[in-house]
file model.txt (compact mmCIF, C-alpha atoms and all ligand atoms)
# COMPACT_ATOMS: atom_id res chain seq x y z
CA MET U 1 4.20 -7.62 -23.41
CA ASP U 2 1.51 -4.94 -23.76
CA TYR U 3 2.71 -2.80 -20.83
CA ILE U 4 0.35 0.18 -20.46
CA HIS U 5 2.83 2.74 -19.09
CA GLY U 6 5.56 2.29 -21.73
CA TYR U 7 9.23 3.16 -21.39
CA SER U 8 9.59 6.80 -22.45
CA ASP U 9 11.92 9.25 -20.67
CA ILE U 10 8.83 10.98 -19.29
CA GLU U 11 7.58 7.69 -17.83
CA GLN U 12 10.95 6.98 -16.21
CA GLU U 13 10.94 10.45 -14.62
CA ARG U 14 7.37 9.81 -13.51
CA LEU U 15 8.48 6.65 -11.68
CA ILE U 16 11.15 8.66 -9.84
CA GLN U 17 8.61 11.32 -8.83
CA GLN U 18 6.04 8.68 -7.87
CA ALA U 19 8.51 7.00 -5.49
CA GLU U 20 9.35 10.38 -3.92
CA TYR U 21 5.65 11.03 -3.41
CA TRP U 22 5.23 7.72 -1.54
CA ARG U 23 8.70 7.60 0.14
CA GLU U 24 7.74 8.03 3.80
CA LYS U 25 4.03 7.31 3.59
CA LEU U 26 4.26 3.92 1.95
CA ILE U 27 7.58 2.75 0.52
CA LEU U 28 9.45 2.75 3.84
CA LYS U 29 6.42 1.99 6.00
CA ASP U 30 6.93 -0.78 8.60
CA LEU U 31 10.23 -2.01 7.13
CA ASP U 32 12.60 -3.64 9.59
CA TYR U 33 15.78 -4.34 7.66
CA GLN U 34 19.24 -4.80 9.15
CA ALA U 35 22.69 -3.74 7.94
CA GLY U 36 24.41 -6.29 5.72
CA GLU U 37 21.20 -7.92 4.49
CA LYS U 38 20.43 -8.64 0.83
CA LEU U 39 17.25 -7.32 -0.82
CA LEU U 40 15.84 -7.92 -4.31
CA GLU U 41 13.22 -5.70 -5.94
CA ILE U 42 11.36 -7.51 -8.72
CA GLY U 43 9.97 -5.25 -11.47
CA CYS U 44 12.33 -2.49 -10.30
CA GLY U 45 11.70 -0.22 -13.31
CA ALA U 46 13.91 2.88 -13.34
CA GLY U 47 15.40 2.13 -9.90
CA ALA U 48 13.28 4.73 -8.09
CA VAL U 49 12.37 2.51 -5.13
CA LEU U 50 15.82 0.90 -4.93
CA GLY U 51 17.21 4.43 -4.63
CA ILE U 52 15.02 5.16 -1.62
CA LEU U 53 15.83 1.81 0.02
CA GLY U 54 19.55 2.31 -0.61
CA GLN U 55 19.51 5.83 0.85
CA THR U 56 17.65 4.64 3.94
CA PHE U 57 19.28 1.30 4.75
CA THR U 58 23.00 1.80 4.50
CA ASP U 59 25.30 -1.23 4.22
CA PHE U 60 22.55 -2.99 2.37
CA LYS U 61 23.15 -5.30 -0.61
CA LEU U 62 20.58 -4.31 -3.21
CA ALA U 63 19.52 -6.10 -6.38
CA GLY U 64 16.86 -5.38 -8.96
CA ILE U 65 15.42 -7.02 -12.04
CA ASP U 66 13.22 -5.70 -14.83
CA LEU U 67 12.11 -7.17 -18.14
CA GLU U 68 13.06 -4.05 -20.06
CA ASN U 69 16.59 -3.00 -21.03
CA LYS U 70 15.73 0.71 -21.03
CA GLN U 71 14.59 0.57 -17.40
CA ILE U 72 17.77 -1.14 -16.23
CA ASP U 73 19.97 1.28 -18.21
CA TYR U 74 18.16 4.19 -16.59
CA ALA U 75 18.36 2.55 -13.14
CA LYS U 76 22.13 2.00 -13.42
CA ASN U 77 22.73 5.64 -14.18
CA TYR U 78 20.21 6.93 -11.65
CA LEU U 79 21.53 4.81 -8.78
CA ARG U 80 25.17 5.63 -9.63
CA ASN U 81 24.29 9.33 -9.43
CA LEU U 82 22.82 8.73 -5.98
CA GLY U 83 26.12 7.20 -4.91
CA LEU U 84 24.74 3.64 -4.98
CA SER U 85 27.23 1.96 -7.27
CA ASN U 86 27.08 -1.64 -6.00
CA VAL U 87 23.51 -2.51 -6.95
CA ASP U 88 23.19 -5.84 -8.80
CA LEU U 89 20.85 -4.87 -11.66
CA ARG U 90 19.70 -7.43 -14.24
CA VAL U 91 17.47 -7.47 -17.29
CA GLY U 92 15.17 -10.48 -17.06
CA ASP U 93 11.82 -12.01 -16.27
CA ALA U 94 10.80 -12.12 -12.60
CA ALA U 95 9.31 -15.56 -13.33
CA LYS U 96 12.85 -16.91 -13.94
CA LEU U 97 15.19 -15.17 -11.53
CA PRO U 98 18.93 -15.50 -12.25
CA TRP U 99 19.86 -16.00 -8.59
CA GLN U 100 20.42 -19.18 -6.61
CA ASP U 101 17.99 -20.64 -4.05
CA ASN U 102 17.88 -19.12 -0.53
CA TYR U 103 19.95 -16.09 -1.54
CA PHE U 104 18.06 -12.95 -0.38
CA ASP U 105 16.91 -11.81 3.07
CA HIS U 106 14.14 -9.63 1.65
CA LEU U 107 11.99 -9.38 -1.45
CA TYR U 108 10.21 -6.15 -2.42
CA ALA U 109 7.65 -5.41 -5.14
CA ILE U 110 5.49 -2.36 -5.70
CA TRP U 111 3.15 -1.32 -8.55
CA PHE U 112 4.29 -4.48 -10.31
CA LEU U 113 2.12 -7.59 -9.80
CA GLU U 114 -0.87 -5.73 -11.26
CA HIS U 115 0.85 -5.91 -14.67
CA LEU U 116 1.46 -9.67 -14.67
CA PRO U 117 -0.58 -12.42 -16.36
CA HIS U 118 0.92 -15.03 -13.95
CA PRO U 119 1.57 -13.34 -10.58
CA LEU U 120 1.47 -16.64 -8.67
CA GLN U 121 4.34 -18.07 -10.72
CA VAL U 122 6.37 -14.92 -9.99
CA LEU U 123 5.68 -15.14 -6.25
CA GLN U 124 6.69 -18.82 -6.22
CA GLU U 125 9.94 -17.86 -7.90
CA ALA U 126 10.41 -15.05 -5.37
CA LYS U 127 10.03 -17.64 -2.61
CA ARG U 128 12.72 -19.82 -4.17
CA VAL U 129 15.41 -17.09 -3.95
CA LEU U 130 14.44 -16.02 -0.41
CA LYS U 131 16.17 -17.53 2.61
CA PRO U 132 13.96 -19.40 5.10
CA GLY U 133 12.67 -16.72 7.48
CA GLY U 134 13.19 -13.99 4.87
CA THR U 135 10.44 -11.43 4.24
CA ILE U 136 8.42 -10.40 1.21
CA THR U 137 6.63 -7.03 0.99
CA VAL U 138 4.26 -6.25 -1.87
CA THR U 139 2.19 -3.14 -2.52
CA GLU U 140 -0.61 -2.74 -5.05
CA THR U 141 -3.77 -0.72 -5.42
CA ASP U 142 -7.35 -1.44 -6.45
CA TYR U 143 -8.27 1.06 -9.16
CA ARG U 144 -12.01 0.71 -8.47
CA THR U 145 -11.45 2.43 -5.15
CA ILE U 146 -10.34 5.81 -6.50
CA LEU U 147 -13.50 7.75 -5.68
CA VAL U 148 -14.15 11.43 -6.19
CA THR U 149 -16.65 13.89 -4.75
CA PRO U 150 -18.56 15.33 -6.48
CA GLU U 151 -19.16 12.18 -8.55
CA SER U 152 -19.23 12.26 -12.36
CA ALA U 153 -20.34 9.68 -14.93
CA ASP U 154 -17.47 10.69 -17.24
CA TYR U 155 -14.92 10.17 -14.48
CA ARG U 156 -16.40 6.72 -13.71
CA TYR U 157 -16.22 5.89 -17.43
CA LEU U 158 -12.53 6.86 -17.43
CA ILE U 159 -11.68 4.68 -14.39
CA ASP U 160 -13.67 1.74 -15.76
CA SER U 161 -11.75 2.13 -19.03
CA LEU U 162 -8.44 2.13 -17.16
CA CYS U 163 -9.45 -1.15 -15.48
CA GLU U 164 -10.36 -2.61 -18.88
CA LEU U 165 -7.00 -1.50 -20.31
CA LEU U 166 -5.13 -3.34 -17.56
CA LEU U 167 -7.28 -6.44 -18.08
CA GLN U 168 -6.68 -6.31 -21.84
CA ALA U 169 -2.92 -6.16 -21.15
CA ARG U 170 -3.45 -9.36 -19.05
CA GLY U 171 -2.91 -7.52 -15.79
CA ASN U 172 -5.25 -7.14 -12.80
CA PRO U 173 -6.58 -3.69 -11.77
CA TYR U 174 -7.96 -5.17 -8.52
CA MET U 175 -4.69 -6.84 -7.51
CA GLY U 176 -4.51 -5.19 -4.08
CA GLN U 177 -7.25 -7.35 -2.62
CA SER U 178 -5.72 -10.63 -3.90
CA LEU U 179 -2.27 -10.18 -2.38
CA GLY U 180 -2.95 -12.20 0.78
CA MET U 181 -4.40 -15.11 -1.20
CA LEU U 182 -1.53 -15.13 -3.70
CA LEU U 183 1.17 -15.06 -1.01
CA THR U 184 -0.50 -17.96 0.77
CA GLN U 185 -0.89 -19.95 -2.45
CA ALA U 186 2.78 -19.33 -3.25
CA GLY U 187 3.66 -21.07 0.03
CA PHE U 188 4.57 -18.09 2.21
CA GLU U 189 3.79 -18.14 5.96
CA GLU U 190 2.09 -15.55 8.18
CA ALA U 191 0.71 -13.60 5.22
CA ASN U 192 -1.18 -10.43 6.02
CA ASN U 193 -2.62 -7.71 3.83
CA GLN U 194 -3.27 -4.26 5.26
CA PRO U 195 -5.44 -1.71 3.47
CA PHE U 196 -3.78 1.70 3.38
CA PRO U 197 -6.49 4.33 3.11
CA VAL U 198 -5.90 7.60 1.27
CA HIS U 199 -8.26 10.52 1.73
CA HIS U 200 -7.82 14.16 0.78
CA ALA U 201 -10.38 16.95 0.87
CA TYR U 202 -10.20 20.63 -0.07
CA SER U 203 -11.66 21.57 3.30
CA LEU U 204 -9.01 19.58 5.20
CA ASP U 205 -5.83 20.37 3.27
CA ARG U 206 -6.16 21.84 -0.18
CA GLN U 207 -2.47 21.44 -1.04
CA GLN U 208 -2.50 17.72 -0.22
CA LEU U 209 -5.60 17.29 -2.35
CA ARG U 210 -3.94 19.09 -5.28
CA ASP U 211 -0.75 17.09 -4.90
CA PHE U 212 -2.72 13.85 -5.02
CA VAL U 213 -4.66 15.02 -8.09
CA ASP U 214 -1.36 15.85 -9.81
CA TYR U 215 0.10 12.49 -8.85
CA VAL U 216 -2.84 10.47 -10.23
CA ASP U 217 -3.01 12.72 -13.30
CA SER U 218 0.63 11.84 -14.12
CA TRP U 219 -0.29 8.20 -14.83
CA LEU U 220 -3.98 8.53 -15.65
CA ALA U 221 -3.70 11.11 -18.46
CA PRO U 222 -1.50 8.94 -20.73
CA THR U 223 -4.11 6.14 -20.60
CA VAL U 224 -6.84 8.29 -22.22
CA GLU U 225 -5.48 7.96 -25.75
CA GLN U 226 -4.83 4.23 -25.25
CA ALA U 227 -8.38 3.57 -24.03
CA ALA U 228 -9.71 5.27 -27.18
CA THR U 229 -7.41 3.49 -29.63
CA LYS U 230 -7.07 0.03 -28.04
CA LEU U 231 -10.59 -0.35 -26.62
CA GLY U 232 -12.60 1.94 -28.93
CA LYS U 233 -13.76 4.06 -25.96
CA ASN U 234 -15.39 7.44 -26.50
CA LEU U 235 -12.51 9.97 -26.49
CA PRO U 236 -14.58 13.08 -25.58
CA CYS U 237 -16.09 11.23 -22.58
CA LEU U 238 -12.65 10.03 -21.44
CA GLN U 239 -11.26 13.56 -21.77
CA ALA U 240 -14.27 15.00 -19.91
CA GLY U 241 -13.63 12.45 -17.13
CA LEU U 242 -10.00 13.52 -16.89
CA ASP U 243 -10.95 17.22 -16.85
CA TRP U 244 -13.45 16.51 -14.08
CA PHE U 245 -10.78 14.73 -12.06
CA ARG U 246 -8.29 17.56 -12.56
CA GLY U 247 -10.90 20.08 -11.41
CA ILE U 248 -11.51 18.28 -8.09
CA GLY U 249 -8.42 19.93 -6.58
CA ASP U 250 -9.88 23.42 -7.12
CA ARG U 251 -13.38 22.78 -5.80
CA HIS U 252 -14.39 23.78 -2.28
CA ASP U 253 -16.51 20.60 -2.10
CA GLY U 254 -13.77 18.45 -3.73
CA ALA U 255 -12.53 15.21 -2.10
CA ILE U 256 -10.83 11.99 -3.16
CA SER U 257 -10.31 8.64 -1.49
CA ALA U 258 -8.53 5.46 -2.54
CA THR U 259 -7.31 2.21 -1.02
CA ILE U 260 -3.83 0.79 -1.51
CA TYR U 261 -2.88 -2.63 -0.12
CA ARG U 262 0.42 -3.50 1.55
CA ALA U 263 0.96 -7.23 2.10
CA SER U 264 3.83 -9.05 3.73
CA ALA U 265 4.75 -12.61 4.60
CA ILE U 266 7.62 -14.81 5.75
CA CYS U 267 9.38 -17.41 3.65
C1 LIG U 301 4.92 0.44 -12.98
S1 LIG U 301 6.57 -0.13 -13.18
C2 LIG U 301 7.06 -0.11 -11.47
C3 LIG U 301 8.53 0.00 -11.28
C4 LIG U 301 8.99 0.14 -9.82
N1 LIG U 301 8.50 -0.93 -8.99
C5 LIG U 301 8.57 1.46 -9.25
O1 LIG U 301 7.64 1.50 -8.42
O2 LIG U 301 9.14 2.49 -9.65
C6 LIG U 301 6.42 -1.87 -13.54
C7 LIG U 301 7.70 -2.50 -14.09
O3 LIG U 301 7.53 -3.93 -14.17
C8 LIG U 301 8.30 -4.39 -15.26
N2 LIG U 301 7.88 -5.76 -15.61
C9 LIG U 301 6.72 -6.16 -16.15
N3 LIG U 301 6.68 -7.50 -16.26
C10 LIG U 301 7.85 -7.97 -15.77
C11 LIG U 301 8.40 -9.27 -15.59
N4 LIG U 301 7.74 -10.37 -15.96
N5 LIG U 301 9.61 -9.38 -15.02
C12 LIG U 301 10.30 -8.28 -14.64
N6 LIG U 301 9.83 -7.02 -14.79
C13 LIG U 301 8.63 -6.87 -15.35
C14 LIG U 301 8.04 -3.35 -16.34
O4 LIG U 301 9.05 -3.40 -17.35
C15 LIG U 301 8.06 -2.06 -15.52
O5 LIG U 301 9.33 -1.47 -15.51

call {"tool": "encode", "arguments": {"input": "model.txt", "output": "structure tokens"}}
result
Amino acid sequence: MDYIHGYSDIEQERLIQQAEYWREKLILKDLDYQAGEKLLEIGCGAGAVLGILGQTFTDFKLAGIDLENKQIDYAKNYLRNLGLSNVDLRVGDAAKLPWQDNYFDHLYAIWFLEHLPHPLQVLQEAKRVLKPGGTITVTETDYRTILVTPESADYRYLIDSLCELLLQARGNPYMGQSLGMLLTQAGFEEANNQPFPVHHAYSLDRQQLRDFVDYVDSWLAPTVEQAATKLGKNLPCLQAGLDWFRGIGDRHDGAISATIYRASAIC
């Protein structure tokens, strides 16, 4: 699999920091889980989100699966250090889950479906392991929506290149908007998909704007080199786009907005 973020130590740390950034705002938003229930995170990466769920919902039976050995090794260590030693962590493909039918009460996925060539197949498999009446919660973004003021052609070139990179890796940079359709096609009931708007402006809260710039920078910067080498994009233009983005946090007229999508449904 041509996974654009890779599996370096820096990337694993980034996933931990990313989950902290979104902990209250997004990861825990609108969750209604009860003690004793079983939850599976598909595409759990380094265990960052499982850590937050385990710290929040005590007496919870957590499980996670990721295609990559290195992520699961990291997750085991990370979760043990948080005092969460009973998490059922497996290496494997979310399209072929190693759990029996009707096993989990809840399914969770975040920043994951956008990387998959066959997200519908994965959601159908998720439905198989969920109990009737169980919930699924999925969160993805739409990279076209990350807008900056003042605008810049180089920045637009960079974001368009990021979208192309995800498409080349057989993912979907616009996944957020398709979540409702995919959940319905997979056979879930009562699907809904709520846009979660993000907006930060220097004039409103300069620290929040800078924090968001730093957050996006942490995953955007490593894609610059890839867009040049894998897609033949113009490296100076990509770098100029990144520099422009980084500078937004220091401009009195600087602002950013983006839309993330949070979808849920019942099995
Ligand atoms: C961006 S990371 C997100 C990890 C985690 N959800 C988080 O927010 O920290 C995406 C993860 O999906 C995993 N992945 C990709 N395709 C997969 C598949 N078919 N089955 C299981 N995991 C997969 C990758 O190995 C990677 O660790």

call {"tool": "axis_aligned_box", "arguments": {"input": "model.txt", "around": "region 238-242 of chain U", "padding_each_side": "6 Å", "output": "AutoDock Vina command-line options"}}
result
--center_x -12.1 --center_y 12.5 --center_z -19.3 --size_x 16.3 --size_y 17.0 --size_z 16.9

call {"tool": "residues_near_ligand", "arguments": {"input": "model.txt", "ligand": "ligand LIG 301 (chain U)", "cutoff": "6 Å", "atoms": "only C-alpha atoms and all ligand atoms", "output": "list in words"}}
result
Leu15, Gly43, Cys44, Gly45, Ala48, Val49, Ile65, Asp66, Leu67, Glu68, Gln71, Gly92, Asp93, Ala94, Ala109, Ile110, Trp111, Phe112 and Leu116 of chain U

call {"tool": "residues_around", "arguments": {"input": "model.txt", "residues": "Pro222 (chain U)", "least_positions_apart": "5", "cutoff": "10 Å", "atoms": "all atoms listed in the file", "output": "list in words"}}
result
Ile4, His5, Gly6, Glu11, Asp217 and Ala227 of chain U

call {"tool": "residues_around", "arguments": {"input": "model.txt", "residues": "region 120-131 of chain U", "least_positions_apart": "2", "cutoff": "8 Å", "atoms": "all atoms listed in the file", "output": "list in words"}}
result
Ala94, Ala95, Lys96, Leu97, Trp99, Gln100, Asp101, Asn102, Tyr103, Phe104, Asp105, His106, Leu107, His118, Gly133, Gly134, Thr135, Leu182, Leu183, Gln185, Ala186, Gly187, Phe188 and Cys267 of chain U

call {"tool": "residues_around", "arguments": {"input": "model.txt", "residues": "region 26-37 of chain U", "least_positions_apart": "2", "cutoff": "6 Å", "atoms": "all atoms listed in the file", "output": "list in words"}}
result
Trp22, Arg23, Glu24, Asp59, Phe60 and Asp105 of chain U

call {"tool": "residues_around", "arguments": {"input": "model.txt", "residues": "Thr223 (chain U)", "least_positions_apart": "6", "cutoff": "12 Å", "atoms": "only C-alpha atoms", "output": "PDB file with C-alpha atoms, in the frame of the given file"}}
result
ATOM      1  CA  TYR U   3       2.710  -2.800 -20.830  1.00  0.00           C
ATOM      2  CA  ILE U   4       0.350   0.180 -20.460  1.00  0.00           C
ATOM      3  CA  HIS U   5       2.830   2.740 -19.090  1.00  0.00           C
ATOM      4  CA  GLY U   6       5.560   2.290 -21.730  1.00  0.00           C
ATOM      5  CA  LEU U 158     -12.530   6.860 -17.430  1.00  0.00           C
ATOM      6  CA  ILE U 159     -11.680   4.680 -14.390  1.00  0.00           C
ATOM      7  CA  ASP U 160     -13.670   1.740 -15.760  1.00  0.00           C
ATOM      8  CA  SER U 161     -11.750   2.130 -19.030  1.00  0.00           C
ATOM      9  CA  LEU U 162      -8.440   2.130 -17.160  1.00  0.00           C
ATOM     10  CA  CYS U 163      -9.450  -1.150 -15.480  1.00  0.00           C
ATOM     11  CA  GLU U 164     -10.360  -2.610 -18.880  1.00  0.00           C
ATOM     12  CA  LEU U 165      -7.000  -1.500 -20.310  1.00  0.00           C
ATOM     13  CA  LEU U 166      -5.130  -3.340 -17.560  1.00  0.00           C
ATOM     14  CA  VAL U 216      -2.840  10.470 -10.230  1.00  0.00           C
ATOM     15  CA  ASP U 217      -3.010  12.720 -13.300  1.00  0.00           C
ATOM     16  CA  THR U 229      -7.410   3.490 -29.630  1.00  0.00           C
ATOM     17  CA  LYS U 230      -7.070   0.030 -28.040  1.00  0.00           C
ATOM     18  CA  LEU U 231     -10.590  -0.350 -26.620  1.00  0.00           C
ATOM     19  CA  LYS U 233     -13.760   4.060 -25.960  1.00  0.00           C
ATOM     20  CA  LEU U 235     -12.510   9.970 -26.490  1.00  0.00           C
ATOM     21  CA  LEU U 238     -12.650  10.030 -21.440  1.00  0.00           C
ATOM     22  CA  GLN U 239     -11.260  13.560 -21.770  1.00  0.00           C
ATOM     23  CA  GLY U 241     -13.630  12.450 -17.130  1.00  0.00           C
ATOM     24  CA  LEU U 242     -10.000  13.520 -16.890  1.00  0.00           C
TER      25      LEU U 242
END

call {"tool": "closest_residue", "arguments": {"input": "model.txt", "among": "U:Glu140, U:Glu13, U:Asp250, U:Asp88", "to": "Tyr74 (chain U)", "atoms": "all atoms listed in the file"}}
result
U:Glu13

call {"tool": "atom_distance", "arguments": {"input": "model.txt", "atom1": "CA of Tyr108 (chain U)", "atom2": "CA of Val138 (chain U)"}}
result
6.0 Å

call {"tool": "atom_distance", "arguments": {"input": "model.txt", "atom1": "CA of Gly254 (chain U)", "atom2": "CA of Ala221 (chain U)"}}
result
19.3 Å

call {"tool": "atom_distance", "arguments": {"input": "model.txt", "atom1": "CA of His252 (chain U)", "atom2": "CA of Thr141 (chain U)"}}
result
26.9 Å

call {"tool": "closest_residue", "arguments": {"input": "model.txt", "among": "U:Ile16, U:Ala240, U:Val198, U:Leu39", "to": "Thr137 (chain U)", "atoms": "all atoms listed in the file"}}
result
U:Leu39

call {"tool": "closest_residue", "arguments": {"input": "model.txt", "among": "U:Asp253, U:Asn86, U:Pro119, U:Trp219", "to": "Glu151 (chain U)", "atoms": "all atoms listed in the file"}}
result
U:Asp253

call {"tool": "closest_residue", "arguments": {"input": "model.txt", "among": "U:Gly83, U:Pro236, U:Gly176, U:Gly47", "to": "Asp154 (chain U)", "atoms": "all atoms listed in the file"}}
result
U:Pro236

call {"tool": "closest_residue", "arguments": {"input": "model.txt", "among": "U:Ile136, U:Ile42, U:Ile256, U:Ile10", "to": "Phe212 (chain U)", "atoms": "all atoms listed in the file"}}
result
U:Ile256

call {"tool": "closest_residue", "arguments": {"input": "model.txt", "among": "U:Gln226, U:Asn193, U:Ser203, U:Asn234", "to": "Arg262 (chain U)", "atoms": "all atoms listed in the file"}}
result
U:Asn193

call {"tool": "residues_near_point", "arguments": {"input": "model.txt", "point": "(-8.1, 8.6, 2.2)", "cutoff": "6 Å", "atoms": "all atoms listed in the file", "output": "list of chain:residue names"}}
result
U:Pro197, U:Val198, U:His199, U:His200, U:Ser257, U:Ala258
